[in-house]
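Shown next: entry.txt, containing compact mmCIF, C-alpha atoms and all ligand atoms.
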```txt
# COMPACT_ATOMS: atom_id res chain seq x y z
CA MET A 3 23.03 -4.42 77.00
CA SER A 4 20.04 -5.50 79.10
CA GLU A 5 19.23 -9.19 79.77
CA HIS A 6 16.10 -9.37 77.65
CA GLN A 7 16.81 -8.28 74.11
CA THR A 8 14.25 -7.25 71.53
CA ASN A 9 14.74 -6.28 67.90
CA SER A 10 14.63 -2.60 68.83
CA SER A 11 17.06 -2.89 71.74
CA VAL A 12 19.63 -4.77 69.64
CA LYS A 13 19.16 -2.36 66.74
CA ALA A 14 19.53 0.68 69.03
CA THR A 15 22.83 -0.56 70.50
CA TYR A 16 24.02 -1.55 67.04
CA ASP A 17 23.22 1.84 65.55
CA GLU A 18 24.94 3.63 68.40
CA HIS A 19 28.20 1.67 68.37
CA VAL A 20 28.70 -0.02 65.00
CA MET A 21 30.04 2.05 62.13
CA PRO A 22 27.28 2.91 59.65
CA ILE A 23 28.86 1.19 56.65
CA TRP A 24 25.80 -0.56 55.25
CA LYS A 25 22.06 -0.07 55.21
CA SER A 26 21.43 -3.31 57.09
CA LEU A 27 18.19 -5.22 56.77
CA ASN A 28 16.00 -4.63 59.75
CA VAL A 29 16.23 -8.25 60.89
CA PRO A 30 18.53 -8.69 63.89
CA ILE A 31 19.29 -12.41 64.09
CA LYS A 32 18.93 -14.36 67.31
CA GLN A 33 19.23 -17.80 65.79
CA ALA A 34 19.59 -19.36 62.35
CA THR A 35 19.02 -22.93 61.18
CA GLY A 36 18.93 -24.32 57.66
CA CYS A 37 17.17 -21.63 55.60
CA THR A 38 15.40 -20.06 58.57
CA LEU A 39 16.38 -16.92 60.46
CA GLU A 40 14.78 -16.03 63.78
CA ASP A 41 14.80 -12.50 65.20
CA PHE A 42 14.60 -11.29 68.82
CA ASP A 43 10.84 -10.75 68.64
CA GLY A 44 10.20 -14.38 67.69
CA ASN A 45 9.60 -13.83 63.95
CA GLU A 46 10.89 -16.40 61.49
CA TYR A 47 12.14 -15.58 57.99
CA LEU A 48 12.89 -17.67 54.94
CA ASP A 49 16.45 -16.74 54.00
CA LEU A 50 16.95 -16.43 50.23
CA PHE A 51 20.21 -14.50 50.55
CA SER A 52 22.46 -16.67 52.80
CA GLY A 53 24.12 -13.61 54.40
CA ILE A 54 25.42 -12.55 50.96
CA SER A 55 25.84 -16.02 49.54
CA VAL A 56 27.80 -17.59 52.40
CA THR A 57 25.89 -20.29 54.29
CA ASN A 58 25.79 -22.71 51.37
CA VAL A 59 25.23 -25.87 53.39
CA GLY A 60 22.66 -24.18 55.64
CA HIS A 61 22.80 -22.04 58.76
CA GLY A 62 24.02 -24.06 61.72
CA ASN A 63 24.89 -27.11 59.59
CA GLU A 64 25.45 -29.78 62.23
CA ALA A 65 28.48 -31.44 60.64
CA VAL A 66 30.20 -28.09 60.16
CA VAL A 67 29.42 -26.93 63.70
CA ASP A 68 30.63 -30.25 65.15
CA ALA A 69 33.87 -30.11 63.15
CA ALA A 70 34.51 -26.58 64.40
CA LYS A 71 33.70 -27.54 68.01
CA ASP A 72 36.00 -30.57 67.87
CA GLN A 73 38.81 -28.39 66.59
CA LEU A 74 38.12 -25.79 69.31
CA ASP A 75 38.83 -28.50 71.84
CA GLU A 76 42.15 -29.31 70.17
CA PHE A 77 43.66 -25.85 69.56
CA VAL A 78 42.24 -22.56 68.31
CA HIS A 79 45.24 -20.73 66.94
CA GLY A 80 47.69 -22.83 65.01
CA CYS A 81 49.59 -19.85 63.73
CA SER A 82 49.67 -22.04 60.66
CA TYR A 83 52.59 -20.36 58.97
CA VAL A 84 54.70 -20.85 62.07
CA HIS A 85 53.50 -24.34 63.05
CA PRO A 86 52.26 -26.48 60.15
CA ASN A 87 49.06 -28.12 61.27
CA GLU A 88 46.75 -30.87 60.13
CA PRO A 89 43.50 -28.97 59.33
CA VAL A 90 45.43 -26.58 57.05
CA ALA A 91 47.35 -29.40 55.35
CA THR A 92 44.26 -31.56 54.78
CA LEU A 93 42.19 -28.62 53.53
CA ALA A 94 44.91 -27.57 51.10
CA GLU A 95 45.15 -31.14 49.82
CA THR A 96 41.35 -31.36 49.46
CA ILE A 97 41.18 -28.04 47.60
CA ALA A 98 43.87 -29.30 45.21
CA ASP A 99 41.60 -32.31 44.53
CA VAL A 100 38.36 -30.42 43.99
CA THR A 101 39.49 -27.33 42.07
CA PRO A 102 39.67 -27.38 38.25
CA GLY A 103 42.93 -27.96 36.34
CA ASN A 104 46.22 -28.45 38.13
CA LEU A 105 45.79 -26.00 40.98
CA GLN A 106 47.92 -27.50 43.74
CA LYS A 107 48.94 -25.08 46.48
CA SER A 108 46.83 -22.76 48.61
CA PHE A 109 47.37 -19.79 50.87
CA PHE A 110 44.73 -19.24 53.55
CA CYS A 111 43.59 -15.84 54.77
CA ASN A 112 40.43 -14.50 56.39
CA SER A 113 38.28 -12.92 53.67
CA GLY A 114 37.62 -12.56 49.97
CA THR A 115 39.36 -9.24 49.58
CA GLU A 116 42.57 -10.64 51.12
CA ALA A 117 42.38 -13.63 48.78
CA VAL A 118 42.17 -11.31 45.77
CA GLU A 119 45.03 -9.10 46.95
CA GLY A 120 47.22 -12.11 47.68
CA ALA A 121 46.44 -13.58 44.25
CA VAL A 122 47.48 -10.33 42.58
CA LYS A 123 50.75 -10.25 44.56
CA LEU A 124 51.46 -13.83 43.49
CA ALA A 125 50.70 -13.04 39.84
CA ARG A 126 53.09 -10.09 39.98
CA LYS A 127 55.81 -12.14 41.61
CA TYR A 128 55.42 -14.98 39.09
CA THR A 129 55.23 -12.87 35.94
CA GLY A 130 57.54 -10.07 37.06
CA SER A 131 54.94 -7.70 35.62
CA LYS A 132 52.72 -5.12 37.26
CA GLU A 133 49.58 -4.24 35.38
CA ILE A 134 46.19 -5.80 35.96
CA VAL A 135 43.03 -5.80 33.87
CA ALA A 136 39.69 -6.42 35.56
CA LEU A 137 36.12 -5.85 34.36
CA GLU A 138 33.85 -2.85 34.41
CA MET A 139 31.14 -3.41 37.05
CA GLY A 140 33.15 -6.27 38.61
CA PHE A 141 33.51 -6.55 42.39
CA HIS A 142 36.57 -7.88 44.17
CA GLY A 143 36.43 -6.36 47.66
CA ARG A 144 36.85 -3.14 49.56
CA THR A 145 40.43 -2.97 50.82
CA LEU A 146 42.43 -0.58 48.69
CA GLY A 147 44.08 -3.14 46.38
CA SER A 148 40.89 -5.06 45.62
CA LEU A 149 38.96 -1.81 45.44
CA SER A 150 41.24 -0.81 42.57
CA LEU A 151 40.06 -3.90 40.65
CA THR A 152 36.42 -3.26 41.50
CA GLY A 153 34.88 -1.64 38.42
CA ASN A 154 32.26 0.52 40.07
CA ASN A 155 32.97 3.98 41.44
CA ALA A 156 30.06 3.73 43.88
CA TYR A 157 32.47 1.77 46.09
CA LYS A 158 35.35 4.20 45.58
CA LYS A 159 33.83 7.62 46.29
CA GLY A 160 35.96 9.44 48.85
CA MET A 161 38.51 6.60 48.92
CA ALA A 162 40.86 7.57 46.07
CA PRO A 163 43.61 7.18 45.10
CA THR A 164 43.53 3.47 44.40
CA LEU A 165 46.21 1.55 42.44
CA ASN A 166 46.89 3.23 39.12
CA ASP A 167 48.07 0.22 37.15
CA VAL A 168 44.62 -1.36 36.81
CA SER A 169 42.44 -1.05 33.69
CA HIS A 170 38.92 -2.29 33.09
CA ALA A 171 37.41 -4.10 30.10
CA ALA A 172 33.71 -4.51 29.21
CA ALA A 173 31.60 -6.87 31.29
CA PRO A 174 29.71 -9.65 29.45
CA TYR A 175 26.41 -7.98 30.37
CA GLY A 176 24.30 -9.11 27.40
CA TYR A 177 21.11 -7.39 28.57
CA ARG A 178 22.70 -3.95 28.58
CA CYS A 179 25.38 -4.47 25.98
CA SER A 180 25.68 -1.83 23.28
CA THR A 181 27.31 -4.17 20.77
CA CYS A 182 25.18 -7.29 21.08
CA GLU A 183 21.70 -7.85 22.42
CA GLY A 184 20.28 -10.35 24.91
CA ASP A 185 20.08 -13.79 23.41
CA SER A 186 22.38 -13.02 20.51
CA CYS A 187 25.19 -12.31 23.01
CA ASP A 188 28.34 -14.21 22.15
CA GLU A 189 31.89 -14.24 23.45
CA SER A 190 32.92 -11.40 21.13
CA CYS A 191 32.64 -9.00 24.09
CA ALA A 192 35.79 -10.71 25.37
CA ASP A 193 37.54 -8.97 22.50
CA ASP A 194 37.13 -5.69 24.36
CA LEU A 195 39.77 -7.10 26.67
CA GLU A 196 42.19 -7.21 23.75
CA HIS A 197 41.24 -3.62 22.93
CA VAL A 198 41.75 -2.42 26.53
CA ILE A 199 45.12 -4.17 26.77
CA GLY A 200 46.12 -2.49 23.52
CA THR A 201 44.90 1.00 24.41
CA HIS A 202 44.99 1.36 28.21
CA THR A 203 48.00 -0.65 29.36
CA SER A 204 51.72 -0.84 28.68
CA GLY A 205 51.16 -4.46 27.68
CA ASP A 206 53.25 -5.50 30.66
CA LEU A 207 50.50 -7.55 32.29
CA ALA A 208 50.56 -9.65 35.45
CA ALA A 209 46.95 -10.83 35.40
CA VAL A 210 43.45 -10.57 34.11
CA VAL A 211 41.02 -10.85 37.02
CA VAL A 212 37.40 -11.81 36.42
CA GLU A 213 34.43 -13.32 38.22
CA PRO A 214 33.20 -16.32 36.17
CA VAL A 215 29.65 -15.18 37.04
CA MET A 216 29.51 -11.56 38.21
CA GLY A 217 27.76 -11.39 41.58
CA GLU A 218 27.58 -7.83 42.88
CA ALA A 219 27.20 -6.50 39.33
CA GLY A 220 23.77 -8.17 39.20
CA ILE A 221 24.29 -11.92 38.64
CA ILE A 222 25.71 -11.61 35.15
CA VAL A 223 26.28 -14.97 33.48
CA PRO A 224 28.70 -14.73 30.53
CA PRO A 225 27.99 -16.41 27.21
CA GLU A 226 29.48 -19.83 26.47
CA GLY A 227 33.08 -19.54 25.43
CA TRP A 228 33.64 -16.11 27.00
CA LEU A 229 35.81 -17.26 29.91
CA GLU A 230 37.88 -19.53 27.68
CA ARG A 231 38.46 -16.62 25.31
CA VAL A 232 39.46 -14.36 28.22
CA GLN A 233 41.94 -17.01 29.33
CA GLU A 234 43.33 -17.25 25.81
CA ILE A 235 43.79 -13.47 25.57
CA ALA A 236 45.44 -13.34 29.02
CA HIS A 237 47.89 -16.09 28.05
CA ASP A 238 48.60 -14.48 24.67
CA HIS A 239 49.85 -11.51 26.72
CA ASP A 240 51.85 -13.72 29.14
CA ALA A 241 49.43 -12.79 31.92
CA LEU A 242 47.74 -15.14 34.37
CA LEU A 243 44.00 -15.64 34.58
CA ILE A 244 42.78 -15.08 38.13
CA ALA A 245 39.24 -16.41 38.54
CA ASP A 246 37.64 -14.68 41.49
CA GLU A 247 35.34 -17.43 42.75
CA VAL A 248 34.76 -15.81 46.14
CA GLN A 249 31.04 -15.72 45.40
CA THR A 250 30.66 -18.46 42.78
CA GLY A 251 32.72 -21.13 44.53
CA TYR A 252 31.66 -23.97 46.80
CA GLY A 253 28.64 -25.21 44.90
CA ARG A 254 26.77 -21.94 44.39
CA THR A 255 26.40 -22.34 40.62
CA GLY A 256 25.75 -26.11 40.53
CA GLU A 257 29.43 -27.01 40.10
CA LEU A 258 31.90 -26.85 42.96
CA PHE A 259 33.57 -24.01 41.02
CA ALA A 260 31.91 -21.98 38.28
CA SER A 261 35.03 -22.04 36.07
CA SER A 262 34.16 -25.70 35.37
CA HIS A 263 30.92 -24.67 33.61
CA PHE A 264 32.92 -22.72 31.09
CA GLY A 265 35.82 -25.09 30.40
CA ALA A 266 38.38 -22.64 31.81
CA GLU A 267 41.31 -23.62 33.99
CA PRO A 268 42.34 -20.47 35.87
CA ASP A 269 45.96 -19.99 36.89
CA ILE A 270 44.91 -18.72 40.31
CA LEU A 271 41.51 -19.23 41.90
CA THR A 272 40.29 -17.11 44.81
CA GLN A 273 37.78 -18.36 47.38
CA ALA A 274 35.99 -17.16 50.52
CA LYS A 275 32.27 -16.74 51.40
CA GLY A 276 30.91 -20.34 51.16
CA ILE A 277 34.25 -22.04 51.86
CA ALA A 278 33.63 -22.57 55.59
CA ASN A 279 29.88 -21.91 55.67
CA GLY A 280 30.24 -18.67 57.61
CA LEU A 281 33.46 -19.06 59.55
CA PRO A 282 35.93 -16.44 58.35
CA LEU A 283 38.23 -18.00 55.80
CA GLY A 284 39.59 -17.02 52.40
CA ALA A 285 42.04 -18.75 50.11
CA PHE A 286 43.83 -18.52 46.82
CA THR A 287 45.08 -21.57 45.02
CA ALA A 288 47.60 -21.88 42.19
CA SER A 289 49.61 -24.48 40.32
CA ALA A 290 52.82 -25.53 42.05
CA GLU A 291 54.82 -23.69 39.42
CA VAL A 292 53.01 -20.39 40.00
CA ALA A 293 52.73 -20.83 43.79
CA ASP A 294 56.45 -21.51 44.14
CA ALA A 295 57.19 -18.00 42.89
CA PHE A 296 56.47 -16.96 46.49
CA GLU A 297 59.49 -17.17 48.75
CA ALA A 298 59.58 -17.15 52.53
CA GLY A 299 58.54 -13.71 53.74
CA ASP A 300 56.66 -12.69 50.60
CA HIS A 301 53.21 -13.04 52.18
CA LEU A 302 51.65 -13.82 55.55
CA SER A 303 48.60 -13.41 57.74
CA THR A 304 48.67 -13.93 61.51
CA PHE A 305 45.18 -15.43 61.59
CA GLY A 306 45.41 -16.98 58.11
CA GLY A 307 44.70 -20.71 58.07
CA ASN A 308 42.83 -20.68 61.34
CA PRO A 309 42.43 -24.38 62.21
CA VAL A 310 38.82 -24.01 63.40
CA ALA A 311 37.80 -22.34 60.13
CA CYS A 312 39.79 -24.93 58.14
CA ALA A 313 38.08 -27.82 59.98
CA ALA A 314 34.72 -26.18 59.19
CA ALA A 315 35.75 -25.85 55.54
CA LEU A 316 36.60 -29.55 55.31
CA ALA A 317 33.17 -30.45 56.72
CA THR A 318 31.55 -27.97 54.30
CA ILE A 319 33.23 -29.56 51.27
CA GLU A 320 32.24 -33.02 52.48
CA ALA A 321 28.61 -31.90 52.86
CA LEU A 322 28.62 -30.30 49.41
CA GLN A 323 29.95 -33.52 47.88
CA ASP A 324 27.09 -35.45 49.43
CA GLY A 325 24.63 -34.54 46.65
CA ILE A 326 24.15 -30.83 47.38
CA VAL A 327 25.97 -29.66 44.26
CA GLU A 328 23.85 -31.89 41.99
CA GLU A 329 20.65 -30.75 43.74
CA THR A 330 21.73 -27.14 43.30
CA ARG A 331 22.06 -27.74 39.56
CA GLU A 332 18.58 -29.30 39.40
CA HIS A 333 17.02 -26.53 41.51
CA GLY A 334 18.72 -24.00 39.25
CA GLU A 335 17.29 -25.47 36.06
CA TRP A 336 13.82 -25.52 37.58
CA LEU A 337 14.20 -21.99 38.96
CA GLU A 338 15.27 -20.67 35.57
CA GLY A 339 11.90 -21.77 34.12
CA GLU A 340 9.91 -20.32 37.02
CA LEU A 341 11.71 -16.97 36.94
CA GLY A 342 11.37 -16.91 33.15
CA ALA A 343 7.59 -17.08 33.64
CA LEU A 344 7.82 -14.08 35.99
CA GLU A 345 9.73 -12.18 33.29
CA GLU A 346 6.99 -13.03 30.76
CA GLU A 347 4.22 -11.92 33.09
CA PHE A 348 5.51 -8.59 34.41
CA ASP A 349 6.76 -5.70 32.27
CA VAL A 350 8.77 -4.45 35.24
CA VAL A 351 10.80 -7.66 35.25
CA GLY A 352 13.30 -6.84 32.52
CA GLN A 353 15.40 -9.95 32.66
CA THR A 354 15.87 -12.94 34.93
CA ARG A 355 19.14 -14.82 34.68
CA GLY A 356 21.34 -17.13 36.66
CA ILE A 357 22.88 -20.50 37.16
CA GLY A 358 22.51 -22.99 40.01
CA LEU A 359 21.20 -21.08 43.03
CA MET A 360 22.63 -17.74 41.95
CA HIS A 361 19.84 -15.88 40.15
CA GLY A 362 19.11 -12.23 39.53
CA ILE A 363 15.79 -10.56 38.76
CA GLU A 364 16.42 -7.24 37.04
CA LEU A 365 13.68 -4.67 37.61
CA VAL A 366 13.09 -1.92 35.09
CA GLU A 367 10.75 0.87 34.14
CA PRO A 368 7.98 -0.71 32.08
CA THR A 369 8.97 0.73 28.71
CA GLU A 370 9.96 -1.13 25.58
CA THR A 371 13.55 0.11 25.42
CA GLY A 372 15.92 2.56 27.05
CA PRO A 373 17.63 5.57 25.47
CA HIS A 374 20.08 3.67 23.28
CA GLY A 375 17.57 1.18 21.96
CA VAL A 376 18.87 -1.34 24.46
CA ALA A 377 17.25 -2.51 27.69
CA PRO A 378 14.67 -0.41 29.57
CA GLN A 379 15.84 1.94 32.33
CA PRO A 380 16.83 0.23 35.59
CA ASP A 381 14.42 0.77 38.49
CA ALA A 382 16.38 0.63 41.74
CA GLU A 383 13.51 2.01 43.82
CA LEU A 384 11.25 -0.77 42.68
CA ALA A 385 13.85 -3.41 43.56
CA THR A 386 14.19 -2.03 47.09
CA ALA A 387 10.41 -1.79 47.43
CA VAL A 388 9.95 -5.43 46.40
CA SER A 389 12.67 -6.60 48.76
CA ASP A 390 11.19 -4.53 51.64
CA HIS A 391 7.72 -5.88 50.90
CA LEU A 392 9.00 -9.46 50.87
CA ARG A 393 10.64 -9.01 54.24
CA GLU A 394 7.91 -7.01 55.94
CA GLU A 395 4.82 -8.75 54.56
CA SER A 396 6.03 -12.26 53.73
CA ASN A 397 8.98 -12.83 56.09
CA VAL A 398 11.23 -13.62 53.15
CA VAL A 399 14.76 -12.17 53.00
CA MET A 400 16.14 -11.43 49.54
CA GLY A 401 19.10 -9.20 48.64
CA VAL A 402 19.24 -6.27 46.25
CA GLY A 403 22.31 -5.54 44.17
CA GLY A 404 23.56 -4.91 40.68
CA TYR A 405 25.56 -2.11 39.16
CA TYR A 406 22.32 -0.12 38.89
CA LYS A 407 21.05 -1.44 42.28
CA ASN A 408 17.95 -2.80 40.53
CA VAL A 409 18.56 -6.54 40.73
CA LEU A 410 16.91 -8.82 43.29
CA ARG A 411 19.38 -11.48 44.32
CA PHE A 412 18.03 -15.00 44.75
CA GLN A 413 20.91 -16.80 46.51
CA PRO A 414 19.49 -19.10 49.20
CA PRO A 415 21.40 -21.72 51.17
CA LEU A 416 21.94 -24.60 48.73
CA ILE A 417 20.18 -27.06 51.04
CA ILE A 418 16.87 -25.29 50.41
CA SER A 419 13.94 -27.62 49.68
CA ARG A 420 11.77 -27.42 46.57
CA GLU A 421 8.85 -26.55 48.86
CA GLN A 422 10.75 -23.58 50.33
CA LEU A 423 11.75 -22.46 46.85
CA GLU A 424 8.12 -22.63 45.75
CA HIS A 425 7.06 -20.62 48.77
CA GLY A 426 9.75 -18.00 48.12
CA LEU A 427 8.72 -17.72 44.48
CA SER A 428 5.02 -17.36 45.20
CA GLU A 429 5.78 -14.60 47.73
CA LEU A 430 8.06 -12.94 45.17
CA HIS A 431 5.25 -13.07 42.62
CA ARG A 432 2.88 -11.48 45.14
CA ALA A 433 5.40 -8.80 46.08
CA VAL A 434 6.12 -7.80 42.47
CA GLU A 435 2.39 -7.68 41.71
CA THR A 436 1.57 -5.58 44.79
CA VAL A 437 4.49 -3.17 44.51
CA GLN A 438 4.07 -2.65 40.78
CA GLU A 439 0.40 -1.75 41.29
CA ALA A 440 1.25 0.62 44.12
C1 LIG A 501 33.60 -11.89 43.68
C2 LIG A 501 33.96 -11.30 45.01
N1 LIG A 501 35.25 -11.09 45.29
C3 LIG A 501 35.64 -10.59 46.47
C4 LIG A 501 34.71 -10.23 47.42
C5 LIG A 501 35.16 -9.65 48.74
O1 LIG A 501 34.97 -10.59 49.74
P1 LIG A 501 35.00 -10.14 51.29
O2 LIG A 501 33.77 -9.34 51.53
O3 LIG A 501 35.03 -11.45 52.04
O4 LIG A 501 36.24 -9.36 51.48
C6 LIG A 501 33.35 -10.42 47.17
C7 LIG A 501 32.33 -10.03 48.15
O5 LIG A 501 31.18 -9.87 47.87
C8 LIG A 501 32.96 -10.97 45.92
O6 LIG A 501 31.68 -11.16 45.62
```
Show how you would write the structure in this file as structure tokens.
Amino acid sequence: MSEHQTNSSVKATYDEHVMPIWKSLNVPIKQATGCTLEDFDGNEYLDLFSGISVTNVGHGNEAVVDAAKDQLDEFVHGCSYVHPNEPVATLAETIADVTPGNLQKSFFCNSGTEAVEGAVKLARKYTGSKEIVALEMGFHGRTLGSLSLTGNNAYKKGMAPTLNDVSHAAAPYGYRCSTCEGDSCDESCADDLEHVIGTHTSGDLAAVVVEPVMGEAGIIVPPEGWLERVQEIAHDHDALLIADEVQTGYGRTGELFASSHFGAEPDILTQAKGIANGLPLGAFTASAEVADAFEAGDHLSTFGGNPVACAAALATIEALQDGIVEETREHGEWLEGELGALEEEFDVVGQTRGIGLMHGIELVEPTETGPHGVAPQPDAELATAVSDHLREESNVVMGVGGYYKNVLRFQPPLIISREQLEHGLSELHRAVETVQEA
């Protein structure tokens, strides 16, 4: 690479040598602070996506960076499962304190998908059973085990076979549910889980794996009581509830963990993304009874429990506990009203939904209903066009996702100010208006 980089030079090298696994946003990052990204041509962007919901306490958070630097000076590779070390021990103790229920012992790895796979291994070891039920449209990662749980074949094309002892139950997607509609949605969709266990499995279940709020599926918030009912059904079948909080954890929803909103106490809780504000770290945490089903040699990761990432995680949790979680809740309540107004104003905005700073804006064809008398047809092209317009005309970065790829994802760093939120919203309003007219 040459000395002086520009957006095009970085992009050219990237395209030539990095595997083409994602249609990346055309914003090479030179620097990032708070909610601001800066590219190589000197443009600044308001980040409303946090690098897929990761930098919860802000890009370059000083306390997190300092904690990581201090640890770098001490030692970088603790090989934590060979040499017990202090950052791992203190982080595990802290996670036991801040997670719901009596979750006590953690295993540290490097990503969300590893956390999910480890949690499934632990559930199998503890229960002595094999089968897993996850949700249609759910997302749990892209390595082959987690991919088997992921309920969306868009991620699986060309990758089969995946595990064959995984079944999928209906997602609590009220807006596009064929049995209940929008506001009348209740936890009865959890009963599909009972049906799937009865019809698709041997009944010999190790775990039911769900996201308390479904992220990649399009920010799907379940109705009150749904998660508790899922837990009840899992336990009725002697299976564990694994809450995949890789995306919802660490303050994102206005609680440290989203399970707390819904009164559920998962048996195993998976974490990654926001845990260390961008340093690679994943974890799964279980009660002592469940965790102690693992014996020496059952599981390991050479880089798992990296002390630098663990030190960053401790600083992240401390920052979150300094008012950020409460602010996230307040921002979320305000945002819900503002996005609701957008839904009222534009026919192409089918539904807005979310909790804390995890909101989705579902774009649709402007018709009353779709083919089955339920929600209008998803409009993925429109969602991409709005996101492109936001980035190119307003310097605002927002993600696009959802099972139908038609949901704008509003997931900024949680330290965002009300002023920045207002700016993002007014640019979103402008983008929807312009793109819809075009
Ligand atoms: C709920 C959930 N689980 C697991 C994963 C996989 O995490 P990673 O990309 O760190 O492997 C993701 C990633 O988006 C996720 O949202």
### Task
Please work out which residues fall within 6 Å of (9.2, -13.7, 40.8), coordinates as given in the file, with only C-alpha atoms counting, and return them as a PyMOL selection string.
chain A and resi 341+344+427+430-431
Residues around (20.8, -21.7, 34.8), cut-off 12 Å, counting all atoms listed in the file - what are they as a compact mmCIF listing (two decimals) with C-alpha atoms, keeping the file's coordinate frame?
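Result file is part_24.txt:
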```txt
# COMPACT_ATOMS: atom_id res chain seq x y z
CA VAL A 215 29.65 -15.18 37.04
CA ILE A 221 24.29 -11.92 38.64
CA ILE A 222 25.71 -11.61 35.15
CA VAL A 223 26.28 -14.97 33.48
CA PRO A 224 28.70 -14.73 30.53
CA PRO A 225 27.99 -16.41 27.21
CA ARG A 254 26.77 -21.94 44.39
CA THR A 255 26.40 -22.34 40.62
CA GLY A 256 25.75 -26.11 40.53
CA GLU A 257 29.43 -27.01 40.10
CA ALA A 260 31.91 -21.98 38.28
CA HIS A 263 30.92 -24.67 33.61
CA THR A 330 21.73 -27.14 43.30
CA ARG A 331 22.06 -27.74 39.56
CA GLU A 332 18.58 -29.30 39.40
CA HIS A 333 17.02 -26.53 41.51
CA GLY A 334 18.72 -24.00 39.25
CA GLU A 335 17.29 -25.47 36.06
CA TRP A 336 13.82 -25.52 37.58
CA LEU A 337 14.20 -21.99 38.96
CA GLU A 338 15.27 -20.67 35.57
CA GLY A 339 11.90 -21.77 34.12
CA GLU A 340 9.91 -20.32 37.02
CA LEU A 341 11.71 -16.97 36.94
CA GLY A 342 11.37 -16.91 33.15
CA THR A 354 15.87 -12.94 34.93
CA ARG A 355 19.14 -14.82 34.68
CA GLY A 356 21.34 -17.13 36.66
CA ILE A 357 22.88 -20.50 37.16
CA GLY A 358 22.51 -22.99 40.01
CA LEU A 359 21.20 -21.08 43.03
CA MET A 360 22.63 -17.74 41.95
CA HIS A 361 19.84 -15.88 40.15
CA GLY A 362 19.11 -12.23 39.53
```
### Query
What residues have any atom no more than 8 Å from ligand LIG 501 (chain A) when counting only C-alpha atoms and all ligand atoms, and can you list them as an MDAnalysis selection string?
chainID A and resid 54 112:118 140:145 148 213 216:218 246:250 272:275 284
### Query
By how many Å are atom CA of Lys132 of chain A and atom CA of Ala209 of chain A apart?
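These atoms are spaced 8.3 Å apart.
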### Message
With all atoms listed in the file as the counted atoms, please give the residues lying no more than 9 Å from Val434 of chain A, apart from itself and same-chain residues fewer than 4 positions off, as a list in words.
### Response
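Surrounding residues, per the criterion: Phe348, Val350, Val351, Leu384, Ala385, Ala387, Val388, His391, Glu429, Leu430, Gln438 and Glu439 of chain A.
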### Query
Smallest atom-to-atom distance to Thr201 of chain A: which of A:Ile277, A:Ile244, A:Val135, A:Val56, using all atoms listed in the file?
A:Val135
#### Entry: Using all atoms listed in the file: which of A:Gly130, A:Asp238, A:Leu48, A:Gly280 has the shortest distance to His425 of chain A
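Among A:Gly130, A:Asp238, A:Leu48, A:Gly280, it is A:Leu48 that comes nearest to His425 of chain A.
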### Atom pair atom CA of Tyr405 of chain A / atom CA of Gly53 of chain A: separation (Å)
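We find that atom CA of Tyr405 of chain A and atom CA of Gly53 of chain A lie 19.1 Å from each other.
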### Message
Can you pull out the residues contacting Met400 of chain A? Cut-off 8 Å, using only C-alpha atoms, and skip same-chain residues under 3 positions away; I want them as a VMD selection string.
### Response
chain A and resid 49 to 51 389 392 to 393 410 to 413
All residues 12 Å or closer to Gly200 of chain A, only C-alpha atoms, same chain fewer than 5 positions away omitted, as a PDB file with C-alpha atoms, keeping the file's coordinate frame:
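File produced: selection33.pdb:
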```pdb
ATOM      1  CA  VAL A 135      43.030  -5.800  33.870  1.00  0.00           C
ATOM      2  CA  SER A 169      42.440  -1.050  33.690  1.00  0.00           C
ATOM      3  CA  HIS A 170      38.920  -2.290  33.090  1.00  0.00           C
ATOM      4  CA  ALA A 171      37.410  -4.100  30.100  1.00  0.00           C
ATOM      5  CA  ASP A 193      37.540  -8.970  22.500  1.00  0.00           C
ATOM      6  CA  ASP A 194      37.130  -5.690  24.360  1.00  0.00           C
ATOM      7  CA  LEU A 195      39.770  -7.100  26.670  1.00  0.00           C
ATOM      8  CA  GLY A 205      51.160  -4.460  27.680  1.00  0.00           C
ATOM      9  CA  ASP A 206      53.250  -5.500  30.660  1.00  0.00           C
ATOM     10  CA  LEU A 207      50.500  -7.550  32.290  1.00  0.00           C
ATOM     11  CA  ILE A 235      43.790 -13.470  25.570  1.00  0.00           C
ATOM     12  CA  HIS A 239      49.850 -11.510  26.720  1.00  0.00           C
TER      13      HIS A 239
END
```
### Query
Could you name the residues that touch Val310 of chain A at 10 Å or less, counting only C-alpha atoms, but leaving out those on the same chain fewer than 5 positions away, as a list in words?
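What passes the distance filter is Val67, Ala69, Ala70, Lys71, Asp72, Gln73, Leu74, Asp75, Glu76, Phe77, Val78, His79, Gly80, Pro89, Val90, Ala278, Leu281, Pro282, Leu283 and Ala315 of chain A.
Using all atoms listed in the file, the residues found no farther than 10 Å from segment 23-33 of chain A, other than those of its own chain fewer than 4 positions away, are Gln7, Thr8, Asn9, Ser10, Ser11, Val12, Lys13, Tyr16, Thr38, Leu39, Glu40, Asp41, Phe42, Asp43, Gly44, Asn45, Glu46, Tyr47, His61, Gly62, Ser389, Asp390, Arg393, Glu394, Asn397, Val399, Met400 and Gly401 of chain A.
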### Message
Nearest residue to Asp294 of chain A out of A:Leu243, A:Ala125, A:Ile97, A:Leu316, using only C-alpha atoms?
### Response
A:Ala125
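Between atom CA of His237 of chain A and atom CA of His301 of chain A there is a distance of 24.9 Å.
If only C-alpha atoms are the atoms counted, then among A:Asp381, A:Tyr83, A:Leu124, A:Pro22 the closest residue to Glu291 of chain A is A:Leu124.
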